[in-house]
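Engineer: Below are the structure tokens for one structure; questions will follow.
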Amino acid sequence: MVAWAVTTQPLLKRLLTDPRVSKDPRRHWPAWINGEISPEWPLYTWVAVTNMFTAYGNDHKRLRTLVAKAFTARRTAALRPRIEEMATALLDDLAATPHGETVDLREAYAYPIPIQVICELFGVEDETTREGLRRCVDSIFHTSADPEEVTATYTELYALLRGIVAAKRETPGDDMTSVLISARDDEADAPLSEQELVDTLLLMIGAGHETTVNLLDNAIHALLTHPEQLALVREGKAGWNDVIEETLRCQAPVANLPLRYATEDIELDGGVTLHKGDAILAAYAAAGRDPGLYGDDGARFDVTRATKEHLSFGHGVHFCLGAPLARLEAAVALPALFERFPDMAPAVPQGELRQVESFISNGHRSLPVRLRP
């Protein structure tokens, strides 16, 4: 499947706010409309879902309005004590690691906080269900998966999601899944269909943890491999918000995000035309290092950089609702970790770290460190 990859910030901003660019394949992507996209395609779930991720125009506004109440500034800020509690418990567990032994901080620290926060927000309490969701979301981001894995993941994922919905219908709680079910079941003119309800749950739980895992992973790795930058933070010459924004710019948690579609011909500079129906890939990682903004310096991690402009949470009407929550989780988790273990260091050479098998998700398969000498 062929798509235009948009890698420069000004052009990407322009297209992300252009009303002639849609995210709805059912209305605007000929390949989908003509039945050329099968469930075995590794990116199938990314375009097949019916939620605000693939909605366009009024449909997007309708669905986004329902979910926005989960991410108000007040509700997000109220989560800080709980995030601090989670971080402290995880750090206490890590403190039991014998001196000199290696731990995987992605698995032991970067993963647990985001997935626990989002699962509590949406009322997913069962540990087996949480583990199943995590496994399925990891598979969705595995963009080189074979057809058997793709179809098996799709089947397991929707069984889990429908099970969550059924359980919350039986026993509602003070959570966002129950709120969405209420909007679906109790209002005379239901603002979302059953499929939209399930797919909204998928979007919130999936996007609500995977991206933050990568943010924490990449920030920890950047500071451990750039000790001079960590020293600037400890000396008060830069803040943790600088670390977070520079990580988002330099190592976008989502490198590329499929897909958008031109609803009509769009003329670009240089004589390039996006033709009606053309697929468009938002290349967020490349845009964060745009040579037009940063010259040859874009790949360098520098917390004192005056301009840290990035599009890692998107832009325009599809800007990530969970961005404040992701930033809050990082603002709590990162200083707590480096304060508890000031001498931690990478346990393997940088060249031995492996990236996750994905051109969407940007993180490491593991992040081995030694917490103490």
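Simple scheme: letters A, B, ... for chains in structure tokens order, numbers from 1 for residues in each chain, numbers from 1 for ligands in the order shown.
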For His310 (chain A), list every protein, DNA or RNA residue within 9 Å, evaluated using only C-alpha atoms, and leave out those in the same chain fewer than 5 positions away; present the list as a PyMOL selection string.
Structural biologist: chain A and resi 9+245-246+248-250+252+284-285+287-289
Engineer: Just list as a ChimeraX atom specification whatever in region 66-283 of chain A DSSP marks as helix (DSSP H, G or I).
Structural biologist: /A:66-71,73-78,80-95,105-110,112-121,127-141,147-170,176-185,194-225,227-234,240-250,269-271
Engineer: In Å, how far is it from CA of Gly298 (chain A) to CA of Leu223 (chain A)?
Structural biologist: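 Computed distance, CA of Gly298 (chain A) to CA of Leu223 (chain A), equals 16.8 Å.
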Engineer: Which is closer to His275 (chain A) than all the others in A:Arg20, A:Arg27, A:Lys168, A:Arg14, using only C-alpha atoms?
Structural biologist: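 For His275 (chain A), the nearest of the given residues is A:Arg20.
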Engineer: With distances taken over only C-alpha atoms, which of A:Gly206, A:Gly173, A:Gly270, A:Pro346 is nearest to Thr45 (chain A)?
Structural biologist: A:Gly206
Engineer: Nearest residue to Arg169 (chain A) out of A:Glu329, A:Asp93, A:Glu357, A:Asp185, using only C-alpha atoms?
Structural biologist: A:Asp185
Engineer: Could you give me the residues within region 98-324 of chain A that DSSP places in strand (DSSP E or B), as a ChimeraX atom specification?
Structural biologist: /A:102-104,254,257-262,266-267,273-274,279-282
Engineer: Separation of CA of Pro25 (chain A) and CA of Val356 (chain A), in Å?
Structural biologist: 27.0 Å
Engineer: For Ser312 (chain A), work out the shell of residues within 12 Å, counting only C-alpha atoms and skipping chain neighbours fewer than 3 positions away, then give it as a PDB file with C-alpha atoms, in the first residue's frame.
Structural biologist:
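Dumped everything to around.pdb:
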ATOM      1  CA  GLN A   9       6.569  20.462  10.409  1.00  0.00           C
ATOM      2  CA  LEU A  12       2.376  18.512   8.327  1.00  0.00           C
ATOM      3  CA  LYS A  13       0.693  21.248  10.377  1.00  0.00           C
ATOM      4  CA  THR A 211       2.593   6.274  23.921  1.00  0.00           C
ATOM      5  CA  THR A 212       3.372   7.166  27.533  1.00  0.00           C
ATOM      6  CA  ASN A 214       7.567   5.129  25.047  1.00  0.00           C
ATOM      7  CA  LEU A 215       7.840   8.653  26.438  1.00  0.00           C
ATOM      8  CA  ILE A 244       9.828  15.834  28.611  1.00  0.00           C
ATOM      9  CA  GLU A 245       9.431  18.249  25.699  1.00  0.00           C
ATOM     10  CA  GLU A 246      12.892  17.554  24.285  1.00  0.00           C
ATOM     11  CA  THR A 247      12.206  13.816  24.464  1.00  0.00           C
ATOM     12  CA  LEU A 248       8.898  14.299  22.675  1.00  0.00           C
ATOM     13  CA  ARG A 249      10.664  16.326  20.000  1.00  0.00           C
ATOM     14  CA  CYS A 250      13.758  14.190  19.548  1.00  0.00           C
ATOM     15  CA  GLN A 251      12.156  10.752  20.042  1.00  0.00           C
ATOM     16  CA  ALA A 252       8.446  10.981  19.264  1.00  0.00           C
ATOM     17  CA  PRO A 253       6.622   8.119  21.056  1.00  0.00           C
ATOM     18  CA  VAL A 254       4.630   7.552  17.860  1.00  0.00           C
ATOM     19  CA  ALA A 255       6.980   7.811  14.907  1.00  0.00           C
ATOM     20  CA  ASN A 256       4.412   7.551  12.106  1.00  0.00           C
ATOM     21  CA  LEU A 257       0.637   7.464  12.329  1.00  0.00           C
ATOM     22  CA  ALA A 282       1.899  11.685   9.404  1.00  0.00           C
ATOM     23  CA  ALA A 283       5.633  11.270  10.110  1.00  0.00           C
ATOM     24  CA  TYR A 284       5.809  12.801  13.584  1.00  0.00           C
ATOM     25  CA  ALA A 285       9.320  11.611  14.430  1.00  0.00           C
ATOM     26  CA  ALA A 286      10.777  13.120  11.273  1.00  0.00           C
ATOM     27  CA  ALA A 287       8.869  16.364  11.822  1.00  0.00           C
ATOM     28  CA  GLY A 288      10.388  16.663  15.298  1.00  0.00           C
ATOM     29  CA  ARG A 289      13.838  16.732  13.708  1.00  0.00           C
ATOM     30  CA  LYS A 308      11.476  22.307  21.290  1.00  0.00           C
ATOM     31  CA  GLU A 309       8.549  22.521  18.918  1.00  0.00           C
ATOM     32  CA  HIS A 315      -2.206  18.970  15.758  1.00  0.00           C
ATOM     33  CA  HIS A 318      -7.231  15.372  16.332  1.00  0.00           C
ATOM     34  CA  PHE A 319      -4.774  16.690  18.950  1.00  0.00           C
ATOM     35  CA  CYS A 320      -4.381  14.005  21.609  1.00  0.00           C
ATOM     36  CA  GLY A 322      -4.547  12.532  26.780  1.00  0.00           C
ATOM     37  CA  ALA A 323      -1.514  14.795  26.251  1.00  0.00           C
ATOM     38  CA  ALA A 326       0.952  11.781  29.582  1.00  0.00           C
ATOM     39  CA  ARG A 327       2.930  14.872  30.557  1.00  0.00           C
ATOM     40  CA  ILE A 360       4.472   3.361  14.435  1.00  0.00           C
ATOM     41  CA  SER A 361       5.636   2.840  18.018  1.00  0.00           C
ATOM     42  CA  ASN A 362       9.046   4.313  18.866  1.00  0.00           C
TER      43      ASN A 362
END
Engineer: Counting only C-alpha atoms, which residues in region 109-142 of chain A sit no more than 10 Å from region 57-79 of chain A? For each one, give the nearest pair of atoms and the distance in Å, sorted by chain then residue number, as JSON lines.
Structural biologist:
{"residue": "A:Val117", "atom": "CA", "partner": "A:Leu79", "partner_atom": "CA", "distance": 8.3}
{"residue": "A:Leu121", "atom": "CA", "partner": "A:Ala70", "partner_atom": "CA", "distance": 7.8}
{"residue": "A:Phe122", "atom": "CA", "partner": "A:Ala70", "partner_atom": "CA", "distance": 8.9}
Engineer: Convert the current residue selection to file output with N, CA, C and O atoms, as a tab-separated table (two decimals), in the first residue's frame.
Structural biologist:
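Heads up, here's the output in again.tsv:
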chain	number	residue	atom	x	y	z
A	117	VAL	N	-2.80	3.54	35.23
A	117	VAL	CA	-3.58	4.78	35.26
A	117	VAL	C	-4.77	4.70	34.32
A	117	VAL	O	-5.91	5.00	34.69
A	121	LEU	N	-8.80	4.53	35.16
A	121	LEU	CA	-9.67	5.58	34.64
A	121	LEU	C	-10.89	4.99	33.93
A	121	LEU	O	-11.99	5.53	34.00
A	122	PHE	N	-10.68	3.86	33.24
A	122	PHE	CA	-11.77	3.23	32.50
A	122	PHE	C	-12.33	1.99	33.18
A	122	PHE	O	-13.10	1.23	32.58
Engineer: What is the CA of Cys119 (chain A)-CA of Glu210 (chain A) distance in Å, reported with one decimal?
Structural biologist: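 About the pair CA of Cys119 (chain A) and CA of Glu210 (chain A): they are 12.3 Å apart.
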Engineer: Restricting the calculation to only C-alpha atoms, which member of A:Pro42, A:Gly316, A:Pro191, A:Gly239 is positioned closest to Thr153 (chain A)?
Structural biologist: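 Smallest distance to Thr153 (chain A) is found for A:Pro42.
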